[in-house]
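Visitor: Below is the file run.cif, which contains mmCIF, C-alpha atoms and all ligand atoms.
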```cif
data_start
loop_
_atom_site.label_atom_id
_atom_site.label_comp_id
_atom_site.auth_asym_id
_atom_site.auth_seq_id
_atom_site.Cartn_x
_atom_site.Cartn_y
_atom_site.Cartn_z
CA MET A 1 87.33 123.16 100.92
CA ARG A 2 88.02 119.80 102.48
CA LEU A 3 90.86 117.34 102.20
CA ALA A 4 91.50 113.78 103.32
CA MET A 5 94.90 112.26 103.97
CA THR A 6 94.92 108.49 103.61
CA TYR A 7 97.55 106.41 105.39
CA THR A 8 98.26 102.93 106.69
CA ARG A 9 100.79 103.83 109.35
CA LEU A 10 101.09 107.29 110.76
CA ARG A 11 104.85 107.81 110.64
CA THR A 12 106.82 110.98 111.36
CA GLU A 13 106.12 112.22 107.82
CA GLU A 14 102.35 111.89 108.20
CA ARG A 15 102.41 113.55 111.63
CA LEU A 16 104.44 116.42 110.17
CA LEU A 17 101.92 116.76 107.34
CA LEU A 18 98.96 116.85 109.74
CA ASP A 19 100.77 119.50 111.79
CA ALA A 20 101.46 121.48 108.61
CA PHE A 21 97.80 121.37 107.60
CA GLU A 22 96.74 122.46 111.05
CA GLY A 23 99.33 125.24 111.10
CA GLN A 24 97.92 126.58 107.85
CA GLY A 25 94.33 126.32 109.06
CA ILE A 26 93.47 123.66 106.47
CA ASP A 27 90.77 121.09 107.29
CA VAL A 28 92.05 117.58 106.72
CA ASP A 29 90.64 114.22 107.77
CA PRO A 30 93.25 111.51 108.39
CA ILE A 31 91.85 108.20 107.15
CA ASP A 32 93.36 104.81 107.98
CA LEU A 33 93.08 102.80 104.77
CA ARG A 34 93.15 99.52 106.67
CA SER A 35 89.68 100.22 108.00
CA ALA A 36 88.20 101.59 104.76
CA VAL A 37 85.69 99.67 102.64
CA PHE A 38 85.21 101.07 99.14
CA ASP A 39 82.18 100.91 96.88
CA PRO A 40 83.42 101.51 93.33
CA ALA A 41 79.84 102.47 92.35
CA ASP A 42 79.24 105.05 95.05
CA ALA A 43 81.56 107.72 96.42
CA GLY A 44 79.52 107.90 99.65
CA ASP A 45 81.38 109.89 102.31
CA TRP A 46 84.34 110.46 100.00
CA ARG A 47 82.15 112.93 98.10
CA ARG A 48 82.80 115.58 100.69
CA TYR A 49 86.50 115.76 99.80
CA ASP A 50 87.79 118.04 97.09
CA ALA A 51 91.06 116.11 97.02
CA VAL A 52 92.75 113.17 98.75
CA LEU A 53 96.43 113.18 99.64
CA ASP A 54 97.61 109.58 99.82
CA ARG A 55 100.45 108.75 102.22
CA SER A 56 100.09 105.00 102.63
CA VAL A 57 103.36 103.14 103.16
CA SER A 58 101.78 100.08 101.56
CA LEU A 59 101.79 100.21 97.77
CA THR A 60 98.93 97.70 97.62
CA ALA A 61 96.73 99.92 99.78
CA THR A 62 97.67 103.00 97.75
CA LEU A 63 96.89 101.38 94.41
CA THR A 64 93.58 100.04 95.66
CA ALA A 65 92.40 103.29 97.19
CA VAL A 66 93.57 105.59 94.43
CA ARG A 67 92.16 103.33 91.73
CA VAL A 68 88.69 103.33 93.31
CA LEU A 69 88.70 106.99 94.31
CA GLU A 70 89.82 108.20 90.91
CA GLY A 71 87.19 105.98 89.33
CA LEU A 72 84.64 107.80 91.48
CA GLY A 73 85.94 111.14 90.28
CA VAL A 74 87.91 112.07 93.39
CA ARG A 75 91.14 113.97 92.72
CA CYS A 76 94.03 112.03 94.21
CA ILE A 77 97.48 113.36 94.95
CA ASN A 78 99.35 111.66 93.33
CA PRO A 79 97.11 110.54 90.43
CA LEU A 80 96.88 106.80 89.75
CA SER A 81 98.91 107.03 86.55
CA ALA A 82 101.77 108.70 88.43
CA VAL A 83 101.71 106.08 91.20
CA GLU A 84 101.76 103.32 88.60
CA ALA A 85 104.61 104.90 86.69
CA CYS A 86 106.73 105.48 89.79
CA SER A 87 106.08 102.27 91.70
CA ASP A 88 107.19 99.95 88.91
CA LYS A 89 110.77 100.46 87.75
CA LEU A 90 110.02 99.21 84.25
CA ALA A 91 107.10 101.63 83.94
CA THR A 92 109.38 104.42 85.18
CA THR A 93 112.04 103.56 82.62
CA ILE A 94 109.47 103.60 79.82
CA ALA A 95 108.01 106.95 80.91
CA LEU A 96 111.48 108.51 81.17
CA LEU A 97 112.58 107.16 77.80
CA ARG A 98 109.44 108.45 76.11
CA ALA A 99 110.04 111.88 77.61
CA GLY A 100 113.69 111.84 76.61
CA VAL A 101 114.90 112.04 80.21
CA PRO A 102 118.37 110.49 80.67
CA THR A 103 118.30 107.22 82.63
CA PRO A 104 120.59 104.17 82.87
CA ALA A 105 120.35 101.57 80.10
CA VAL A 106 118.03 98.67 80.93
CA ARG A 107 117.28 95.18 79.63
CA VAL A 108 114.27 93.20 80.76
CA ALA A 109 113.64 89.46 80.52
CA THR A 110 111.23 86.99 82.08
CA GLY A 111 113.17 83.74 81.80
CA VAL A 112 116.33 82.52 83.48
CA GLU A 113 118.16 82.01 80.18
CA SER A 114 116.96 85.25 78.66
CA GLY A 115 117.80 86.93 81.97
CA LEU A 116 121.37 85.84 81.52
CA VAL A 117 121.37 87.20 77.97
CA ALA A 118 120.00 90.50 79.35
CA ILE A 119 122.77 90.71 81.94
CA GLU A 120 125.46 89.94 79.37
CA ALA A 121 123.99 92.54 77.02
CA ILE A 122 124.36 95.16 79.75
CA GLY A 123 127.82 93.87 80.70
CA TYR A 124 129.50 93.44 84.07
CA PRO A 125 129.00 94.78 86.60
CA ALA A 126 125.24 94.89 86.06
CA VAL A 127 122.53 95.76 88.57
CA LEU A 128 119.57 93.43 89.02
CA LYS A 129 116.48 94.85 90.72
CA PRO A 130 112.93 93.78 91.43
CA THR A 131 110.63 95.99 89.31
CA VAL A 132 108.53 96.69 92.39
CA GLY A 133 110.36 97.32 95.61
CA SER A 134 111.85 100.04 97.72
CA TRP A 135 114.44 100.90 100.33
CA GLY A 136 117.09 99.06 98.35
CA ARG A 137 115.61 95.63 99.01
CA LEU A 138 116.98 92.87 96.77
CA VAL A 139 119.01 95.30 94.68
CA ALA A 140 122.05 93.27 93.63
CA ARG A 141 125.24 94.04 91.80
CA VAL A 142 126.23 91.22 89.49
CA ASN A 143 129.95 91.08 88.89
CA ASP A 144 130.39 88.01 86.70
CA ARG A 145 128.64 85.20 84.88
CA ASP A 146 128.80 82.79 87.82
CA ALA A 147 127.09 85.30 90.08
CA ALA A 148 124.51 86.04 87.36
CA GLU A 149 123.57 82.39 86.93
CA ALA A 150 123.31 81.79 90.66
CA LEU A 151 121.25 84.92 91.27
CA LEU A 152 118.80 84.30 88.43
CA GLU A 153 118.28 80.70 89.41
CA HIS A 154 117.79 81.74 93.00
CA ARG A 155 115.27 84.49 92.22
CA ALA A 156 113.35 82.25 89.84
CA THR A 157 113.12 79.43 92.36
CA LEU A 158 112.64 81.25 95.63
CA GLY A 159 111.17 84.58 94.66
CA SER A 160 107.58 85.58 94.05
CA ALA A 161 106.23 85.65 90.50
CA GLN A 162 107.00 89.36 90.50
CA GLN A 163 110.67 88.51 90.97
CA GLY A 164 110.58 86.46 87.80
CA VAL A 165 110.82 89.76 85.95
CA PHE A 166 114.53 90.39 85.52
CA TYR A 167 115.10 94.12 85.32
CA VAL A 168 118.76 94.63 84.57
CA GLN A 169 120.37 98.04 84.72
CA GLU A 170 123.73 99.29 83.60
CA HIS A 171 125.90 99.91 86.67
CA ILE A 172 126.76 103.59 86.98
CA ASP A 173 130.25 104.22 88.29
CA LYS A 174 129.06 107.13 90.38
CA PRO A 175 130.93 108.97 93.13
CA ASP A 176 130.07 107.67 96.63
CA ARG A 177 126.87 109.64 96.65
CA ASP A 178 123.32 109.82 95.30
CA ILE A 179 121.28 112.96 94.72
CA ARG A 180 117.61 113.31 95.49
CA VAL A 181 115.45 116.22 94.37
CA PHE A 182 112.06 116.81 96.01
CA VAL A 183 109.38 118.03 93.65
CA VAL A 184 106.14 119.61 94.89
CA GLY A 185 103.48 120.65 92.41
CA GLY A 186 105.84 119.97 89.52
CA GLU A 187 108.46 122.34 90.94
CA PRO A 188 111.78 121.26 92.48
CA VAL A 189 111.87 122.61 96.04
CA ALA A 190 114.89 120.99 97.71
CA ALA A 191 117.75 118.58 97.13
CA ILE A 192 119.94 116.35 99.26
CA VAL A 193 123.01 114.20 98.70
CA ARG A 194 123.35 110.86 100.38
CA HIS A 195 126.79 109.49 101.08
CA SER A 196 127.67 105.89 101.64
CA ALA A 197 130.72 103.73 101.39
CA HIS A 198 128.48 100.91 100.17
CA TRP A 199 127.29 101.25 96.58
CA VAL A 200 123.67 100.97 97.71
CA THR A 201 123.08 104.49 99.01
CA ASN A 202 119.75 104.47 100.83
CA THR A 203 119.14 106.38 104.04
CA ALA A 204 116.96 103.41 104.96
CA ARG A 205 120.21 101.43 104.79
CA GLY A 206 122.38 103.72 106.85
CA ALA A 207 123.52 106.33 104.34
CA THR A 208 123.90 109.88 105.70
CA ALA A 209 122.23 112.84 104.04
CA GLU A 210 122.96 116.54 103.70
CA GLY A 211 121.39 119.46 101.87
CA LEU A 212 122.45 120.35 98.36
CA GLU A 213 121.84 123.56 96.49
CA LEU A 214 119.44 123.22 93.58
CA THR A 215 121.29 123.94 90.34
CA ASP A 216 119.65 124.64 86.99
CA ALA A 217 120.64 121.16 85.83
CA LEU A 218 119.01 119.56 88.88
CA ARG A 219 115.87 121.64 88.51
CA SER A 220 115.57 120.82 84.86
CA ILE A 221 115.94 117.04 85.11
CA ALA A 222 113.65 116.90 88.17
CA ARG A 223 110.97 118.98 86.50
CA ARG A 224 111.09 116.86 83.36
CA SER A 225 110.93 113.65 85.41
CA ALA A 226 107.84 114.79 87.31
CA LYS A 227 106.21 115.77 84.04
CA ALA A 228 107.13 112.46 82.42
CA VAL A 229 105.02 110.57 84.97
CA GLY A 230 102.45 113.28 85.66
CA ALA A 231 103.27 113.44 89.37
CA ASP A 232 102.22 116.23 91.72
CA LEU A 233 104.69 115.12 94.35
CA VAL A 234 107.78 113.09 93.62
CA ALA A 235 111.31 112.46 94.87
CA VAL A 236 113.69 112.12 91.94
CA ASP A 237 116.72 109.92 92.62
CA LEU A 238 119.72 110.79 90.47
CA LEU A 239 123.01 109.08 89.78
CA GLU A 240 126.00 111.05 88.53
CA CYS A 241 127.47 109.23 85.59
CA PRO A 242 131.06 110.21 84.78
CA ARG A 243 130.28 109.92 81.07
CA ARG A 244 126.62 110.93 80.66
CA GLY A 245 126.10 113.29 83.60
CA LEU A 246 122.90 113.22 85.63
CA LEU A 247 120.76 110.13 85.13
CA VAL A 248 117.39 109.44 86.74
CA ASN A 249 117.64 106.20 88.67
CA GLU A 250 114.13 106.09 90.01
CA LEU A 251 111.10 108.09 91.05
CA ASN A 252 109.30 107.87 94.39
CA HIS A 253 105.64 108.83 94.54
CA SER A 254 105.38 108.85 98.33
CA MET A 255 108.52 110.52 99.52
CA GLU A 256 110.10 110.34 102.91
CA PHE A 257 111.35 113.71 104.05
CA ARG A 258 111.76 113.63 107.81
CA ASN A 259 115.56 113.87 107.58
CA SER A 260 115.54 116.43 104.79
CA ILE A 261 113.82 119.37 106.47
CA THR A 262 116.60 120.60 108.74
CA THR A 263 119.34 119.53 106.30
CA THR A 264 117.82 121.58 103.47
CA GLY A 265 116.11 124.31 105.50
CA VAL A 266 113.03 123.74 103.36
CA ASP A 267 109.66 123.14 105.01
CA ILE A 268 108.75 120.21 102.74
CA PRO A 269 105.57 119.19 104.64
CA GLY A 270 104.43 122.83 104.68
CA LEU A 271 104.86 123.05 100.92
CA ILE A 272 103.02 119.76 100.36
CA ALA A 273 100.13 120.90 102.57
CA ARG A 274 99.89 124.23 100.76
CA TYR A 275 99.98 122.52 97.38
CA ALA A 276 97.31 119.95 98.30
CA ALA A 277 95.09 122.75 99.60
CA SER A 278 95.56 124.76 96.41
CA ILE A 279 94.46 121.79 94.30
CA ALA A 280 91.39 121.30 96.50
CA ASP A 281 90.59 125.04 96.42
CA THR A 282 90.78 125.15 92.65
CA LEU A 283 88.47 122.16 92.29
CA ARG A 284 86.02 123.55 94.81
CA ALA A 285 85.92 126.89 92.97
CA ARG A 286 85.40 125.14 89.65
CA GLU A 287 82.54 123.11 91.09
CA ALA A 288 80.92 126.22 92.55
CA ALA A 289 81.19 127.97 89.20
CA SER A 290 79.52 125.10 87.33
CA ALA A 291 76.75 124.67 89.92
CA MET B 1 106.95 117.45 126.33
CA LEU B 2 105.88 117.26 129.96
CA GLU B 3 102.34 118.58 129.86
CA THR B 4 100.10 116.02 128.26
CA THR B 5 96.37 115.82 127.94
CA THR B 6 96.57 112.16 127.02
CA PRO B 7 97.08 109.58 129.75
CA PRO B 8 100.30 107.63 129.17
CA ALA B 9 100.27 104.13 127.76
CA LEU B 10 102.70 101.35 128.62
CA CYS B 11 105.34 99.89 126.33
CA PRO B 12 104.34 96.27 125.61
CA GLU B 13 108.03 95.33 125.62
CA CYS B 14 109.37 96.93 128.78
CA ASP B 15 106.39 98.53 130.54
CA ALA B 16 107.91 102.00 130.36
CA GLU B 17 105.45 104.88 130.07
CA ILE B 18 104.95 106.21 126.58
CA ARG B 19 103.64 109.76 126.46
CA PHE B 20 102.05 111.52 123.54
CA ALA B 21 102.24 115.24 123.01
CA ARG B 22 98.76 115.11 121.51
CA PRO B 23 96.09 112.41 121.31
CA PRO B 24 97.47 109.79 118.92
CA LEU B 25 95.60 108.44 115.91
CA ASN B 26 95.13 104.81 115.01
CA GLY B 27 98.23 103.53 113.24
CA GLU B 28 100.46 106.18 114.76
CA ILE B 29 104.04 105.08 115.24
CA ALA B 30 105.78 105.72 118.56
CA HIS B 31 109.23 104.89 119.88
CA CYS B 32 109.95 103.70 123.37
CA SER B 33 112.83 105.75 124.72
CA ALA B 34 113.54 103.09 127.35
CA CYS B 35 113.93 100.01 125.14
CA SER B 36 113.86 101.70 121.68
CA ALA B 37 111.09 99.42 120.44
CA GLU B 38 109.06 100.69 117.51
CA LEU B 39 105.41 100.70 118.53
CA GLU B 40 102.12 101.23 116.81
CA VAL B 41 98.91 102.58 118.29
CA THR B 42 96.26 99.92 117.64
CA CYS B 43 93.48 101.45 119.74
CA THR B 44 93.05 105.06 120.80
CA GLN B 45 90.50 104.77 123.63
CA PRO B 46 92.10 103.60 125.77
CA ILE B 47 95.47 103.80 124.07
CA ARG B 48 96.79 100.38 123.22
CA LEU B 49 100.29 99.85 121.87
CA GLU B 50 101.66 96.87 120.02
CA LEU B 51 105.06 96.15 118.56
CA ALA B 52 105.11 97.66 115.07
CA PRO B 53 105.05 94.98 112.38
CA GLU B 54 108.08 93.99 110.34
CA VAL B 55 108.51 95.77 107.03
CA GLU B 56 106.33 94.17 104.37
CA GLU B 57 107.23 93.47 100.78
CA ASP B 58 105.08 96.24 99.32
CA TRP B 59 106.18 98.97 101.72
CA GLY B 60 108.21 101.88 100.55
CA GLU B 61 108.31 105.27 98.96
N1 LIG C 1 122.49 101.31 88.17
C1 LIG C 1 123.09 101.63 89.33
N2 LIG C 1 124.40 101.95 89.36
C2 LIG C 1 124.98 102.26 90.54
N3 LIG C 1 124.36 102.30 91.72
C3 LIG C 1 123.06 101.98 91.75
C4 LIG C 1 122.36 101.63 90.55
N4 LIG C 1 121.10 101.36 90.89
C5 LIG C 1 120.98 101.53 92.21
N5 LIG C 1 122.17 101.89 92.75
C6 LIG C 1 122.38 102.19 94.18
O1 LIG C 1 121.52 101.38 94.94
C7 LIG C 1 120.57 102.19 95.68
C8 LIG C 1 119.22 101.50 95.71
O2 LIG C 1 118.73 101.34 94.40
P1 LIG C 1 117.27 101.81 94.02
O3 LIG C 1 117.07 103.22 94.48
O4 LIG C 1 117.05 101.56 92.59
O5 LIG C 1 116.43 100.81 94.91
P2 LIG C 1 115.10 101.05 95.67
O6 LIG C 1 114.81 99.77 96.34
O7 LIG C 1 114.08 101.59 94.74
O8 LIG C 1 115.42 102.15 96.77
P3 LIG C 1 114.63 103.51 97.17
O9 LIG C 1 113.25 103.44 96.63
O10 LIG C 1 114.65 103.55 98.65
O11 LIG C 1 115.45 104.62 96.58
C9 LIG C 1 120.57 103.53 94.96
O12 LIG C 1 120.22 104.58 95.83
C10 LIG C 1 122.01 103.62 94.47
O13 LIG C 1 122.84 104.11 95.50
ZN ZN C 2 109.99 99.87 125.85
#
```
Output the structure of this file as structure tokens.
Guide:
Amino acid sequence: MRLAMTYTRLRTEERLLLDAFEGQGIDVDPIDLRSAVFDPADAGDWRRYDAVLDRSVSLTATLTAVRVLEGLGVRCINPLSAVEACSDKLATTIALLRAGVPTPAVRVATGVESGLVAIEAIGYPAVLKPTVGSWGRLVARVNDRDAAEALLEHRATLGSAQQGVFYVQEHIDKPDRDIRVFVVGGEPVAAIVRHSAHWVTNTARGATAEGLELTDALRSIARRSAKAVGADLVAVDLLECPRRGLLVNELNHSMEFRNSITTTGVDIPGLIARYAASIADTLRAREAASA
Amino acid sequence: MLETTTPPALCPECDAEIRFARPPLNGEIAHCSACSAELEVTCTQPIRLELAPEVEEDWGE
């Protein structure tokens, strides 16, 4: 059995994963996507891999590689459909709604005037986000009509075409914390809470994290979220709504876990490595049986 | 880690020695403990370090 791990920058997470593979005696080839050239008609050297674990920090590189590899019949972790559903907030919302998973109310518009109507339909405060983006970038709380008009105008004029999609979310009056559940192979394995005085609670933006015990409610919503997008590996971000309880805010297909191993006591990279190897083993066995 | 098999490289910002516990891979991120710059390995033989690029729009989880 043979695995590849694609990446664009080898961060702490990727180093921990390579160490985990090595520790478990699993053969894995790290492949820098920036130097890869793909032939969509020929798998070439990729044929030798039973599965590819993608860990690129660049969404563009991930989408490109996974699209081609899957087209060539290579099993990617996560599958393309899961990456697409997680990386675009509108796609995530649709997948969650279809699966009946609780999530904040959303309105979407593509014009400045309709954007304003969307914001007013949600009511103030509303949260305006780019549909594609991470680490809390450009996530804005809109408190009144003046702010809404200024922000929409600004995004429409200065932003990329992508920012012309106005994804407006109901603001959840959560406690000063966010919950994240890590899912590996469809199963919740660990959870953390992130505290912050600022309403944007991202560790990338200075929030502090600690371990949280997995409750049945957390397991259930995390499992259903992963299933809704067909993800092998996913970090489920939850907001605690005082009225509706746990709501899924967003799903991350390429989770960061470096600060969540000691806080939770769970060997997240070890579990990911074992899971990736089990997928590759199963495929290899199936191929041997059909040969 | 004191014992290293890999010869140290120099921080492009402050010239401090950067040591690797194991041979680094292309694209590996390192931190300079002297000036706390975030560095990226852009060549492995010999090891060349450059300042890691700014976060790009499509980066994330
Ligand atoms: N509807 C909301 N109500 C209240 N707080 C919110 C809402 N949406 C986002 N936030 C806060 O803002 C933070 C960033 O938002 P969000 O996670 O959607 O952005 P992101 O750029 O995808 O970040 P990341 O991918 O790193 O989690 C959340 O972790 C949460 O603390
Ligand atoms: Zn330095």
Visitor: As number ranges by chain, please: the residues near Leu49 of chain B (cut-off 7 Å, all atoms listed in the file, same-chain neighbours under 3 positions excluded).
Guide: B: 11-12, 39-42
Visitor: Only residues of chain A matter here; which ones have an atom within 8 Å of chain B, counting only C-alpha atoms? Give them as an MDAnalysis selection string.
Guide: chainID A and resid 8:12 32 57:60 132:135 252:256
Visitor: Can I get the selection written as an mmCIF file, keeping the file's coordinate frame, with C-alpha atoms?
Guide:
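The resulting file, part-v7.cif, is shown below:
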```
data_model
loop_
_atom_site.group_PDB
_atom_site.id
_atom_site.type_symbol
_atom_site.label_atom_id
_atom_site.label_comp_id
_atom_site.auth_asym_id
_atom_site.auth_seq_id
_atom_site.Cartn_x
_atom_site.Cartn_y
_atom_site.Cartn_z
ATOM 1 C CA THR A 8 98.260 102.930 106.690
ATOM 2 C CA ARG A 9 100.790 103.830 109.350
ATOM 3 C CA LEU A 10 101.090 107.290 110.760
ATOM 4 C CA ARG A 11 104.850 107.810 110.640
ATOM 5 C CA THR A 12 106.820 110.980 111.360
ATOM 6 C CA ASP A 32 93.360 104.810 107.980
ATOM 7 C CA VAL A 57 103.360 103.140 103.160
ATOM 8 C CA SER A 58 101.780 100.080 101.560
ATOM 9 C CA LEU A 59 101.790 100.210 97.770
ATOM 10 C CA THR A 60 98.930 97.700 97.620
ATOM 11 C CA VAL A 132 108.530 96.690 92.390
ATOM 12 C CA GLY A 133 110.360 97.320 95.610
ATOM 13 C CA SER A 134 111.850 100.040 97.720
ATOM 14 C CA TRP A 135 114.440 100.900 100.330
ATOM 15 C CA ASN A 252 109.300 107.870 94.390
ATOM 16 C CA HIS A 253 105.640 108.830 94.540
ATOM 17 C CA SER A 254 105.380 108.850 98.330
ATOM 18 C CA MET A 255 108.520 110.520 99.520
ATOM 19 C CA GLU A 256 110.100 110.340 102.910
#
```
Visitor: Give the residue list for ligand LIG 1 (chain C) at 6 Å, counting only C-alpha atoms and all ligand atoms, as an MDAnalysis selection string, sorted by chain and then by residue number.
Guide: (chainID A and resid 127 133:137 169:172 178 199:202 250) or (chainID B and resid 61)
Visitor: Rounded to one decimal, what separation in Å do you get between atom CA of Ser220 of chain A and atom CA of Pro102 of chain A?
Guide: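 For atom CA of Ser220 of chain A relative to atom CA of Pro102 of chain A, the distance reads 11.5 Å.
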Visitor: What do you get as a list of chain:residue names if you pick all residues at most 8 Å from ligand ZN 2 (chain C), counting all atoms listed in the file?
Guide: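 Checking all atoms listed in the file against ligand ZN 2 (chain C) at 8 Å gives B:Leu10, B:Cys11, B:Pro12, B:Glu13, B:Cys14, B:Asp15, B:Ala16, B:Glu17, B:His31, B:Cys32, B:Ser33, B:Ala34, B:Cys35, B:Ser36, B:Ala37.
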Visitor: Could you check how far atom CA of Ala231 of chain A sits from atom CA of Cys76 of chain A, in Å to one decimal?
Guide: 10.5 Å
